[in-house]
>>> print(open('query.cif').read())   # mmCIF, C-alpha atoms (C1' of nucleotides)
data_upload
loop_
_atom_site.label_atom_id
_atom_site.label_comp_id
_atom_site.auth_asym_id
_atom_site.auth_seq_id
_atom_site.Cartn_x
_atom_site.Cartn_y
_atom_site.Cartn_z
CA MET A 98 113.16 104.70 139.77
CA GLN A 99 110.78 106.97 141.56
CA ASP A 100 110.09 108.70 138.27
CA ILE A 101 108.33 105.67 136.92
CA ILE A 102 106.09 105.30 139.92
CA GLU A 103 105.17 108.94 139.55
CA ILE A 104 104.34 108.49 135.90
CA LEU A 105 102.08 105.56 136.70
CA LYS A 106 100.31 107.46 139.47
CA GLU A 107 99.81 110.45 137.23
CA HIS A 108 98.02 108.18 134.80
CA ASN A 109 95.88 106.55 137.46
CA ILE A 110 97.65 103.23 137.35
CA ALA A 111 98.59 101.52 140.58
CA PRO A 112 102.37 101.02 140.55
CA SER A 113 102.71 97.29 140.98
CA MET A 114 106.10 95.70 140.58
CA GLN A 115 105.27 94.22 137.19
CA ARG A 116 103.97 97.51 135.84
CA VAL A 117 107.00 99.41 137.07
CA LYS A 118 109.40 96.93 135.52
CA ILE A 119 107.60 96.91 132.20
CA LEU A 120 107.49 100.68 131.94
CA GLU A 121 111.11 100.89 133.06
CA TYR A 122 112.08 98.47 130.33
CA LEU A 123 110.27 100.50 127.71
CA GLN A 124 111.86 103.70 128.93
CA ASN A 125 115.37 102.25 128.83
CA ASN A 126 115.04 100.19 125.65
CA ARG A 127 113.79 102.29 122.82
CA ILE A 128 113.73 99.37 120.41
CA HIS A 129 110.01 99.22 119.72
CA PRO A 130 109.77 95.78 121.27
CA THR A 131 107.00 93.27 120.77
CA ALA A 132 105.13 91.92 123.78
CA ASP A 133 107.18 88.77 123.58
CA ILE A 134 110.49 90.64 123.59
CA ILE A 135 109.43 92.44 126.76
CA TYR A 136 108.33 89.18 128.29
CA GLN A 137 111.61 87.45 127.47
CA ALA A 138 113.64 90.37 128.77
CA LEU A 139 111.90 90.47 132.13
CA MET A 140 111.75 86.75 132.82
CA ASP A 141 115.06 86.87 134.69
CA GLU A 142 114.00 89.68 136.96
CA ILE A 143 110.47 88.39 137.48
CA PRO A 144 110.51 84.61 137.14
CA THR A 145 106.80 84.33 137.81
CA LEU A 146 105.88 86.83 135.12
CA SER A 147 103.02 85.79 132.91
CA LYS A 148 102.61 86.80 129.31
CA THR A 149 99.04 87.69 130.07
CA THR A 150 100.31 90.27 132.52
CA VAL A 151 102.51 91.78 129.86
CA TYR A 152 99.59 92.11 127.49
CA ASN A 153 97.29 93.42 130.21
CA THR A 154 99.85 95.98 131.26
CA LEU A 155 100.67 97.15 127.77
CA ASN A 156 97.01 97.56 126.95
CA ALA A 157 96.47 99.49 130.16
CA PHE A 158 99.37 101.78 129.34
CA ILE A 159 97.98 102.39 125.87
CA GLU A 160 94.54 103.05 127.30
CA LYS A 161 96.01 105.68 129.61
CA GLY A 162 98.14 107.23 126.92
CA ILE A 163 101.55 106.25 128.25
CA LEU A 164 102.40 104.10 125.25
CA VAL A 165 101.69 103.94 121.56
CA ALA A 166 101.11 100.72 119.65
CA LEU A 167 102.61 100.52 116.21
CA SER A 168 101.53 98.44 113.24
CA LEU A 169 104.39 99.13 110.94
CA PHE A 170 104.84 96.22 108.61
CA GLU A 171 104.46 92.47 108.53
CA ASN A 172 101.49 92.56 110.80
CA GLU A 173 103.44 92.81 114.01
CA VAL A 174 102.44 94.97 116.94
CA ARG A 175 105.20 96.88 118.65
CA TYR A 176 105.12 99.25 121.57
CA GLU A 177 106.99 102.44 122.14
CA TYR A 178 107.28 104.84 124.97
CA ASN A 179 108.10 107.87 122.89
CA THR A 180 104.85 109.60 122.01
CA ASP A 181 106.50 112.62 120.43
CA PRO A 182 105.98 113.03 116.72
CA HIS A 183 108.53 111.18 114.68
CA ILE A 184 108.91 108.92 111.70
CA HIS A 185 109.63 105.21 111.72
CA PHE A 186 112.03 103.47 109.43
CA LYS A 187 112.27 99.70 109.36
CA CYS A 188 115.17 97.87 107.78
CA SER A 189 114.04 94.93 105.71
CA ILE A 190 117.40 93.23 106.16
CA CYS A 191 118.10 93.36 109.88
CA GLY A 192 114.57 94.18 111.00
CA LYS A 193 115.67 97.03 113.22
CA ILE A 194 113.34 99.98 113.59
CA TYR A 195 114.79 103.48 113.65
CA ASP A 196 113.15 106.61 114.95
CA LEU A 197 113.77 109.48 112.60
CA ASP A 198 113.46 112.88 114.14
CA LYS A 199 112.49 114.48 110.89
CA SER A 200 109.55 116.72 111.36
CA TYR A 201 106.88 116.93 108.79
CA ASP A 202 104.13 119.38 108.23
CA LEU A 203 101.62 117.22 106.46
CA TYR A 204 98.05 117.70 107.47
CA LYS A 205 98.62 119.46 110.69
CA ASP A 206 95.10 120.75 110.30
CA ASP A 207 92.35 118.95 112.12
CA PHE A 208 90.38 118.00 109.06
CA ILE A 209 91.32 116.62 105.68
CA ASP A 210 88.65 116.07 103.06
CA GLY A 211 86.13 116.34 105.86
CA HIS A 212 87.75 113.60 107.91
CA LYS A 213 88.90 114.49 111.42
CA VAL A 214 92.49 113.37 111.83
CA THR A 215 93.54 112.17 115.26
CA GLU A 216 96.56 110.02 114.46
CA HIS A 217 99.25 110.48 111.89
CA HIS A 218 101.84 107.85 111.09
CA VAL A 219 104.66 107.96 108.60
CA ASN A 220 106.38 104.63 108.07
CA LEU A 221 109.36 104.10 105.85
CA LYS A 222 110.94 100.84 104.88
CA GLY A 223 114.19 100.07 103.20
CA ILE A 224 117.76 99.14 104.01
CA CYS A 225 119.42 100.84 106.92
CA LYS A 226 122.81 102.42 106.75
CA ASN A 227 124.43 99.49 108.50
CA CYS A 228 123.00 96.88 106.16
CA VAL A 229 123.84 98.94 103.10
CA LYS A 230 127.49 98.34 104.03
CA PRO A 231 128.96 101.77 103.46
CA THR A 232 132.49 100.34 103.35
CA THR A 233 132.16 99.35 99.73
CA ARG A 234 131.51 102.00 97.19
CA SER A 235 129.98 99.76 94.58
CA THR A 236 126.77 97.88 95.13
CA GLN A 237 128.32 94.55 94.28
CA ARG A 238 128.05 92.98 97.69
CA LEU A 239 124.70 94.37 98.60
CA PRO A 240 121.79 92.03 99.09
CA GLU A 241 119.72 91.70 95.95
CA ILE A 242 116.97 93.88 97.29
CA ALA A 243 119.40 96.74 97.89
CA LYS A 244 120.50 96.84 94.30
CA ARG A 245 117.11 97.33 92.77
CA LYS A 246 116.40 100.66 91.25
CA ILE A 247 113.53 102.40 92.89
CA THR A 248 110.98 103.21 90.25
CA LYS A 249 107.93 103.82 92.35
CA PHE A 250 106.75 103.46 95.89
CA HIS A 251 105.31 100.34 97.43
CA THR A 252 107.09 98.04 95.09
CA LEU A 253 109.45 96.28 97.44
CA ARG A 254 108.17 94.15 100.23
CA SER A 255 110.03 91.30 101.75
CA MET B 1 87.58 90.31 81.63
CA GLN B 2 90.41 89.72 79.20
CA ASP B 3 92.26 92.58 80.85
CA ILE B 4 92.79 90.58 84.00
CA ILE B 5 94.17 87.59 82.18
CA GLU B 6 96.56 89.89 80.41
CA ILE B 7 97.69 91.44 83.66
CA LEU B 8 98.38 88.03 85.12
CA LYS B 9 100.33 86.92 82.07
CA GLU B 10 102.36 90.11 82.09
CA HIS B 11 103.41 89.26 85.63
CA ASN B 12 104.24 85.66 84.83
CA ILE B 13 101.29 84.22 86.67
CA ALA B 14 99.24 81.49 85.03
CA PRO B 15 95.65 82.75 84.81
CA SER B 16 93.73 80.10 86.68
CA MET B 17 90.08 80.65 87.45
CA GLN B 18 90.73 81.36 91.12
CA ARG B 19 93.47 83.86 90.39
CA VAL B 20 91.36 85.68 87.83
CA LYS B 21 88.41 85.93 90.20
CA ILE B 22 90.52 87.16 93.09
CA LEU B 23 92.23 89.83 91.02
CA GLU B 24 88.90 90.81 89.50
CA TYR B 25 87.45 91.23 92.96
CA LEU B 26 90.33 93.43 94.04
CA GLN B 27 90.03 95.53 90.93
CA ASN B 28 86.31 96.07 91.37
CA ASN B 29 86.24 96.45 95.15
CA ARG B 30 88.68 99.07 96.30
CA ILE B 31 87.87 98.51 99.95
CA HIS B 32 91.27 97.25 101.12
CA PRO B 33 89.79 93.88 102.01
CA THR B 34 91.29 91.30 104.32
CA ALA B 35 91.95 87.80 103.06
CA ASP B 36 88.82 86.65 104.81
CA ILE B 37 86.64 89.29 103.19
CA ILE B 38 87.86 88.16 99.79
CA TYR B 39 87.24 84.56 100.70
CA GLN B 40 83.70 85.25 101.91
CA ALA B 41 82.91 87.30 98.84
CA LEU B 42 83.99 84.62 96.38
CA MET B 43 82.48 81.61 98.10
CA ASP B 44 79.28 81.94 96.08
CA GLU B 45 81.06 82.03 92.76
CA ILE B 46 83.62 79.37 93.66
CA PRO B 47 82.04 77.03 96.20
CA THR B 48 85.17 74.88 96.39
CA LEU B 49 87.43 77.82 97.12
CA SER B 50 89.91 77.27 99.92
CA LYS B 51 91.24 79.95 102.18
CA THR B 52 94.70 78.60 101.56
CA THR B 53 94.26 79.40 97.90
CA VAL B 54 93.30 82.96 98.77
CA TYR B 55 96.44 83.39 100.84
CA ASN B 56 98.63 81.68 98.26
CA THR B 57 97.22 83.85 95.51
CA LEU B 58 97.51 87.09 97.43
CA ASN B 59 101.10 86.32 98.34
CA ALA B 60 101.90 85.47 94.74
CA PHE B 61 100.37 88.75 93.61
CA ILE B 62 102.41 90.67 96.15
CA GLU B 63 105.54 88.81 95.12
CA LYS B 64 104.97 89.82 91.52
CA GLY B 65 104.11 93.39 92.37
CA ILE B 66 100.45 93.35 91.43
CA LEU B 67 99.25 94.04 94.96
CA VAL B 68 100.38 95.83 98.07
CA ALA B 69 99.82 94.53 101.58
CA LEU B 70 98.94 97.12 104.19
CA SER B 71 99.51 97.04 107.93
CA LEU B 72 97.58 100.11 108.90
CA PHE B 73 96.31 99.74 112.42
CA GLU B 74 95.02 97.08 114.75
CA ASN B 75 97.34 94.49 113.42
CA GLU B 76 95.26 93.57 110.43
CA VAL B 77 96.64 92.85 106.98
CA ARG B 78 94.72 94.29 104.07
CA TYR B 79 95.34 94.11 100.38
CA GLU B 80 94.93 96.72 97.72
CA TYR B 81 95.23 96.76 93.99
CA ASN B 82 96.23 100.41 93.69
CA THR B 83 100.00 100.57 93.85
CA ASP B 84 100.24 104.27 93.11
CA PRO B 85 101.51 106.40 95.97
CA HIS B 86 98.68 107.64 98.13
CA ILE B 87 97.69 108.15 101.73
CA HIS B 88 95.42 105.97 103.83
CA PHE B 89 92.88 107.20 106.30
CA LYS B 90 91.09 104.81 108.60
CA CYS B 91 87.95 105.77 110.48
CA SER B 92 88.02 104.58 114.05
CA ILE B 93 84.22 104.58 114.20
CA CYS B 94 83.08 102.71 111.09
CA GLY B 95 86.40 101.09 110.28
CA LYS B 96 86.30 102.13 106.66
CA ILE B 97 89.59 102.90 104.94
CA TYR B 98 89.78 105.81 102.55
CA ASP B 99 92.39 106.44 99.89
CA LEU B 100 93.42 110.06 99.90
CA ASP B 101 94.87 111.26 96.66
CA LYS B 102 96.94 113.89 98.37
CA SER B 103 100.40 113.81 97.03
CA TYR B 104 103.31 114.19 99.33
CA ASP B 105 106.90 115.08 98.67
CA LEU B 106 108.49 113.66 101.77
CA TYR B 107 111.60 111.64 101.28
CA LYS B 108 111.03 110.73 97.73
CA ASP B 109 114.80 110.69 97.54
CA ASP B 110 116.42 107.34 97.79
CA PHE B 111 118.32 107.93 101.02
CA ILE B 112 117.49 109.48 104.36
CA ASP B 113 120.07 109.58 107.15
CA GLY B 114 122.01 106.99 105.20
CA HIS B 115 119.07 104.59 105.05
CA LYS B 116 117.88 103.55 101.62
CA VAL B 117 114.13 104.07 101.44
CA THR B 118 112.14 101.67 99.33
CA GLU B 119 108.67 102.01 100.79
CA HIS B 120 106.87 105.01 102.09
CA HIS B 121 103.56 104.83 103.93
CA VAL B 122 101.48 107.62 105.37
CA ASN B 123 98.61 106.41 107.54
CA LEU B 124 96.08 108.67 109.12
CA LYS B 125 93.43 107.72 111.61
CA GLY B 126 90.45 109.60 112.90
CA ILE B 127 86.78 110.01 112.26
CA CYS B 128 85.56 110.11 108.71
CA LYS B 129 83.25 112.73 107.35
CA ASN B 130 80.28 110.38 107.51
CA CYS B 131 80.80 109.45 111.14
CA VAL B 132 81.43 113.04 112.16
CA LYS B 133 77.78 113.69 111.28
CA PRO B 134 78.10 116.98 109.51
CA THR B 135 74.38 117.68 109.93
CA THR B 136 74.84 119.01 113.43
CA ARG B 137 76.98 122.01 114.02
CA SER B 138 77.70 121.36 117.65
CA THR B 139 79.70 118.41 118.80
CA GLN B 140 77.03 117.24 121.21
CA ARG B 141 76.10 114.06 119.42
CA LEU B 142 79.55 113.07 118.35
CA PRO B 143 81.07 109.90 119.72
CA GLU B 144 83.31 110.56 122.69
CA ILE B 145 86.49 110.19 120.74
CA ALA B 146 85.39 112.81 118.27
CA LYS B 147 84.94 115.40 120.95
CA ARG B 148 88.42 115.22 122.36
CA LYS B 149 90.52 118.24 121.94
CA ILE B 150 93.67 117.43 120.13
CA THR B 151 96.49 118.53 122.34
CA LYS B 152 99.50 116.62 121.22
CA PHE B 153 100.85 115.09 118.14
CA HIS B 154 100.15 112.02 116.27
CA THR B 155 97.36 114.19 115.47
CA LEU B 156 98.73 117.48 114.56
CA ARG B 157 101.98 119.23 114.47
CA SER B 158 102.93 122.04 116.71
"C1'" DA C 91 93.24 60.32 72.45
"C1'" DC C 92 96.53 58.93 76.03
"C1'" DC C 93 100.24 59.53 79.24
"C1'" DC C 94 103.13 61.94 82.05
"C1'" DG C 95 105.07 65.61 84.54
"C1'" DA C 96 104.48 70.08 86.30
"C1'" DC C 97 101.64 73.25 88.31
"C1'" DT C 98 97.48 74.50 91.13
"C1'" DT C 99 94.07 73.83 94.49
"C1'" DT C 100 92.38 71.99 98.56
"C1'" DG C 101 91.87 70.39 103.46
"C1'" DT C 102 93.95 69.41 107.62
"C1'" DA C 103 96.98 70.24 111.00
"C1'" DG C 104 100.12 73.28 113.10
"C1'" DT C 105 102.13 77.79 114.64
"C1'" DC C 106 102.00 82.15 116.65
"C1'" DA C 107 100.05 86.33 118.69
"C1'" DT C 108 96.48 87.74 121.42
"C1'" DT C 109 92.41 87.38 124.41
"C1'" DA C 110 88.94 85.21 127.77
"C1'" DC C 111 88.32 83.52 131.95
"C1'" DA C 112 88.64 82.04 136.51
"C1'" DA C 113 91.50 80.85 140.36
"C1'" DA C 114 95.23 82.39 143.27
"C1'" DA C 115 97.83 86.01 145.22
"C1'" DA C 116 98.60 90.62 146.78
"C1'" DT C 117 97.05 94.91 148.50
"C1'" DG C 118 94.87 98.25 151.40
"C1'" DA C 119 91.19 100.38 154.13
"C1'" DG C 120 88.85 99.88 158.37
"C1'" DC D 10 93.61 91.03 161.42
"C1'" DT D 11 89.83 90.74 158.05
"C1'" DC D 12 87.55 91.24 154.07
"C1'" DA D 13 86.80 93.35 149.65
"C1'" DT D 14 89.08 94.96 145.72
"C1'" DT D 15 92.70 94.80 142.58
"C1'" DT D 16 96.37 92.38 140.28
"C1'" DT D 17 98.65 88.47 138.61
"C1'" DT D 18 98.83 84.07 136.79
"C1'" DG D 19 97.94 79.80 133.99
"C1'" DT D 20 95.12 77.48 130.94
"C1'" DA D 21 92.16 77.33 127.34
"C1'" DA D 22 90.20 79.53 123.37
"C1'" DT D 23 90.31 82.44 119.25
"C1'" DG D 24 91.82 83.91 114.86
"C1'" DA D 25 95.11 84.92 111.27
"C1'" DC D 26 98.29 82.71 108.73
"C1'" DT D 27 101.42 78.82 107.08
"C1'" DA D 28 103.21 73.95 106.18
"C1'" DC D 29 102.41 70.09 104.04
"C1'" DA D 30 100.76 66.45 101.42
"C1'" DA D 31 97.03 64.55 98.73
"C1'" DA D 32 94.04 65.36 94.96
"C1'" DG D 33 92.90 67.76 90.89
"C1'" DT D 34 94.06 70.24 86.52
"C1'" DC D 35 96.44 71.31 82.42
"C1'" DG D 36 99.36 71.06 78.44
"C1'" DG D 37 102.93 68.98 75.54
"C1'" DG D 38 104.74 64.98 73.25
"C1'" DT D 39 103.80 60.71 71.33
#
>>> encode(input="query.cif", output="structure tokens")
Amino acid sequence: MQDIIEILKEHNIAPSMQRVKILEYLQNNRIHPTADIIYQALMDEIPTLSKTTVYNTLNAFIEKGILVALSLFENEVRYEYNTDPHIHFKCSICGKIYDLDKSYDLYKDDFIDGHKVTEHHVNLKGICKNCVKPTTRSTQRLPEIAKRKITKFHTLRS
Amino acid sequence: MQDIIEILKEHNIAPSMQRVKILEYLQNNRIHPTADIIYQALMDEIPTLSKTTVYNTLNAFIEKGILVALSLFENEVRYEYNTDPHIHFKCSICGKIYDLDKSYDLYKDDFIDGHKVTEHHVNLKGICKNCVKPTTRSTQRLPEIAKRKITKFHTLRS
DNA sequence: ACCCGACTTTGTAGTCATTACAAAAATGAG
DNA sequence: CTCATTTTTGTAATGACTACAAAGTCGGGT
């Protein structure tokens, strides 16, 4: 895609084959992949691909502002192409990460308590609509974690 | 402190010396330490302490709901005793993490878009009031990152 | 007090994600 | 084509965390 080459050039990154393929993958697969997922996915197309190249490329993209790195939960780094404001929801059952397009107005000012805010992340965790099994009305067949009554935040962590 | 032993018993954790010291440290040092920081800090008191014990203990505390593990930024796991809902702010200059007592009303309902929400994290990043050097009115002496004009989100909302 | 079984701690070794580094390959200007 | 620069690659190193088994600790029953 010519688009991708243009994007790379606009960000002062030489459009090598590896870089184009990695950015293309991230554009087409909005699944917040880890570096390893990207590596595995591109091994067929680029048999000589090195994991070092994936890391180098991702870090270059982040440096230039094309990507955002996420530290959501469980100490895993994931990368996403979408840099628009949105909220992340991670399912503790299936592990899938959802982008929620809910907007929020919190702290849209530059400073809070004297601190200058440059990044703002809202991360939710729970059980996604698929894993909650909406076919049954009762909670009988839900995983144990899904049945717990929520009493306060931060209590559940798998 | 007898308090700490009571807390452990209430959570069905046998109050061994190591566990008491680790919980005591977390109670007295609200600095969102890493496992290694805790280990380093207690080595004087408990010369035989093993890092495995620190990890085992922290995981047991999390399991029982005494602690919360945080994945804020930079892929580092930190632990905090305060399980009340609050917001985290990390300074990208000094690395210090601040608890902000701002309350927030977002998605305190159980479900959003059909997903059951059990955890809710708001993480801010920027430059803390100390590193912004409030003594100077101009931005001349600020670190480069502090001078950037915020143009797009993750920072602020339109 | 002793014994025994269960729990806890410890150290070592292993895993996994990420980075450091240097050699090999590709690229591009002259 | 040639040479210098950039990019990719593979290996080795780092660092956080876990698995596992041996050693230590503790408490109840006799």
>>> interface_residues(input="query.cif", of="chain B", to="chain A", cutoff="7 Å", atoms="all atoms listed in the file", output="PyMOL selection string")
chain B and resi 65+68+71-77+83+85+114-129+153-157
>>> resolve_selection(input="query.cif", expression="the PyMOL selection byres ((chain C) within 12 of (chain A))", output="VMD selection string")
chain C and resid 106 to 111 115 to 118
>>> closest_atom_pairs(input="query.cif", of="chain D", to="chain A", cutoff="12 Å", atoms="all atoms listed in the file", output="Markdown table")
| residue | atom | partner | partner_atom | distance |
| --- | --- | --- | --- | --- |
| D:DT15 | C1' | A:Ala111 | CA | 9.2 |
| D:DT16 | C1' | A:Ser113 | CA | 8.0 |
| D:DT17 | C1' | A:Thr150 | CA | 6.6 |
| D:DT18 | C1' | A:Ser147 | CA | 6.0 |
| D:DG19 | C1' | A:Ser147 | CA | 7.9 |
| D:DT20 | C1' | A:Thr149 | CA | 11.0 |
| D:DA25 | C1' | A:Asn172 | CA | 10.0 |
| D:DC26 | C1' | A:Asn172 | CA | 10.6 |
>>> write_last_selection(input="query.cif", atoms="C-alpha atoms (C1' of nucleotides)", output="compact mmCIF listing (two decimals), in the frame of the given file")
# COMPACT_ATOMS: atom_id res chain seq x y z
C1' DT D 15 92.70 94.80 142.58
C1' DT D 16 96.37 92.38 140.28
C1' DT D 17 98.65 88.47 138.61
C1' DT D 18 98.83 84.07 136.79
C1' DG D 19 97.94 79.80 133.99
C1' DT D 20 95.12 77.48 130.94
C1' DA D 25 95.11 84.92 111.27
C1' DC D 26 98.29 82.71 108.73
>>> atom_distance(input="query.cif", atom1="CA of Thr154 (chain A)", atom2="CA of Tyr136 (chain A)")
11.3 Å
>>> resolve_selection(input="query.cif", expression="the PyMOL selection byres ((chain D and resi 10) around 12)", output="JSON, numbers by chain")
{"C": [120], "D": [11, 12]}
>>> atom_distance(input="query.cif", atom1="CA of Glu45 (chain B)", atom2="C1' of DG33 (chain D)")
18.6 Å
>>> closest_residue(input="query.cif", among="B:Ile93, B:Glu6, B:Tyr79, B:Ile13", to="Ile37 (chain B)", atoms="only C-alpha atoms")
B:Tyr79
>>> atom_distance(input="query.cif", atom1="CA of Tyr81 (chain B)", atom2="C1' of DT99 (chain C)")
23.0 Å
>>> axis_aligned_box(input="query.cif", around="region 13-19 of chain D", padding_each_side="4 Å", output="lines of an AutoDock Vina configuration file")
center_x = 92.8
center_y = 87.4
center_z = 141.8
size_x = 20.0
size_y = 23.2
size_z = 23.7
>>> resolve_selection(input="query.cif", expression="the PyMOL selection byres ((chain B and resi 25-31) around 7)", output="ChimeraX atom specification")
/B:21-24,32-33,80-81,97
>>> write_last_selection(input="query.cif", atoms="C-alpha atoms", output="mmCIF file, in the frame of the given file")
data_model
loop_
_atom_site.group_PDB
_atom_site.id
_atom_site.type_symbol
_atom_site.label_atom_id
_atom_site.label_comp_id
_atom_site.auth_asym_id
_atom_site.auth_seq_id
_atom_site.Cartn_x
_atom_site.Cartn_y
_atom_site.Cartn_z
ATOM 1 C CA LYS B 21 88.410 85.930 90.200
ATOM 2 C CA ILE B 22 90.520 87.160 93.090
ATOM 3 C CA LEU B 23 92.230 89.830 91.020
ATOM 4 C CA GLU B 24 88.900 90.810 89.500
ATOM 5 C CA HIS B 32 91.270 97.250 101.120
ATOM 6 C CA PRO B 33 89.790 93.880 102.010
ATOM 7 C CA GLU B 80 94.930 96.720 97.720
ATOM 8 C CA TYR B 81 95.230 96.760 93.990
ATOM 9 C CA ILE B 97 89.590 102.900 104.940
#
>>> build_atoms(input="query.cif", residues="region 11-23 of chain B", atoms="N, CA, C and O atoms", output="PDB file, keeping the file's coordinate frame")
ATOM      1  N   HIS B  11     102.636  89.434  84.400  1.00  0.00           N
ATOM      2  CA  HIS B  11     103.410  89.260  85.630  1.00  0.00           C
ATOM      3  C   HIS B  11     103.833  87.816  85.836  1.00  0.00           C
ATOM      4  O   HIS B  11     104.162  87.412  86.944  1.00  0.00           O
ATOM      5  N   ASN B  12     103.783  87.047  84.773  1.00  0.00           N
ATOM      6  CA  ASN B  12     104.240  85.660  84.830  1.00  0.00           C
ATOM      7  C   ASN B  12     103.450  84.822  85.822  1.00  0.00           C
ATOM      8  O   ASN B  12     104.008  84.026  86.574  1.00  0.00           O
ATOM      9  N   ILE B  13     102.149  85.028  85.836  1.00  0.00           N
ATOM     10  CA  ILE B  13     101.290  84.220  86.670  1.00  0.00           C
ATOM     11  C   ILE B  13     100.257  83.540  85.770  1.00  0.00           C
ATOM     12  O   ILE B  13      99.553  84.209  85.013  1.00  0.00           O
ATOM     13  N   ALA B  14     100.200  82.229  85.852  1.00  0.00           N
ATOM     14  CA  ALA B  14      99.240  81.490  85.030  1.00  0.00           C
ATOM     15  C   ALA B  14      97.824  81.875  85.435  1.00  0.00           C
ATOM     16  O   ALA B  14      97.505  81.855  86.626  1.00  0.00           O
ATOM     17  N   PRO B  15      96.982  82.236  84.482  1.00  0.00           N
ATOM     18  CA  PRO B  15      95.650  82.750  84.810  1.00  0.00           C
ATOM     19  C   PRO B  15      94.647  81.656  85.120  1.00  0.00           C
ATOM     20  O   PRO B  15      93.772  81.363  84.312  1.00  0.00           O
ATOM     21  N   SER B  16      94.744  81.090  86.281  1.00  0.00           N
ATOM     22  CA  SER B  16      93.730  80.100  86.680  1.00  0.00           C
ATOM     23  C   SER B  16      92.445  80.829  87.052  1.00  0.00           C
ATOM     24  O   SER B  16      92.427  82.046  87.263  1.00  0.00           O
ATOM     25  N   MET B  17      91.381  80.048  87.144  1.00  0.00           N
ATOM     26  CA  MET B  17      90.080  80.650  87.450  1.00  0.00           C
ATOM     27  C   MET B  17      90.119  81.375  88.789  1.00  0.00           C
ATOM     28  O   MET B  17      89.666  82.518  88.904  1.00  0.00           O
ATOM     29  N   GLN B  18      90.692  80.730  89.795  1.00  0.00           N
ATOM     30  CA  GLN B  18      90.730  81.360  91.120  1.00  0.00           C
ATOM     31  C   GLN B  18      91.511  82.670  91.101  1.00  0.00           C
ATOM     32  O   GLN B  18      91.075  83.676  91.671  1.00  0.00           O
ATOM     33  N   ARG B  19      92.639  82.648  90.428  1.00  0.00           N
ATOM     34  CA  ARG B  19      93.470  83.860  90.390  1.00  0.00           C
ATOM     35  C   ARG B  19      92.753  84.991  89.663  1.00  0.00           C
ATOM     36  O   ARG B  19      92.826  86.151  90.092  1.00  0.00           O
ATOM     37  N   VAL B  20      92.079  84.633  88.571  1.00  0.00           N
ATOM     38  CA  VAL B  20      91.360  85.680  87.830  1.00  0.00           C
ATOM     39  C   VAL B  20      90.265  86.280  88.699  1.00  0.00           C
ATOM     40  O   VAL B  20      90.114  87.505  88.774  1.00  0.00           O
ATOM     41  N   LYS B  21      89.518  85.430  89.380  1.00  0.00           N
ATOM     42  CA  LYS B  21      88.410  85.930  90.200  1.00  0.00           C
ATOM     43  C   LYS B  21      88.907  86.802  91.354  1.00  0.00           C
ATOM     44  O   LYS B  21      88.295  87.814  91.695  1.00  0.00           O
ATOM     45  N   ILE B  22      89.998  86.385  91.954  1.00  0.00           N
ATOM     46  CA  ILE B  22      90.520  87.160  93.090  1.00  0.00           C
ATOM     47  C   ILE B  22      91.021  88.520  92.620  1.00  0.00           C
ATOM     48  O   ILE B  22      90.714  89.553  93.219  1.00  0.00           O
ATOM     49  N   LEU B  23      91.735  88.546  91.508  1.00  0.00           N
ATOM     50  CA  LEU B  23      92.230  89.830  91.020  1.00  0.00           C
ATOM     51  C   LEU B  23      91.069  90.711  90.564  1.00  0.00           C
ATOM     52  O   LEU B  23      91.053  91.926  90.810  1.00  0.00           O
TER      53      LEU B  23
END
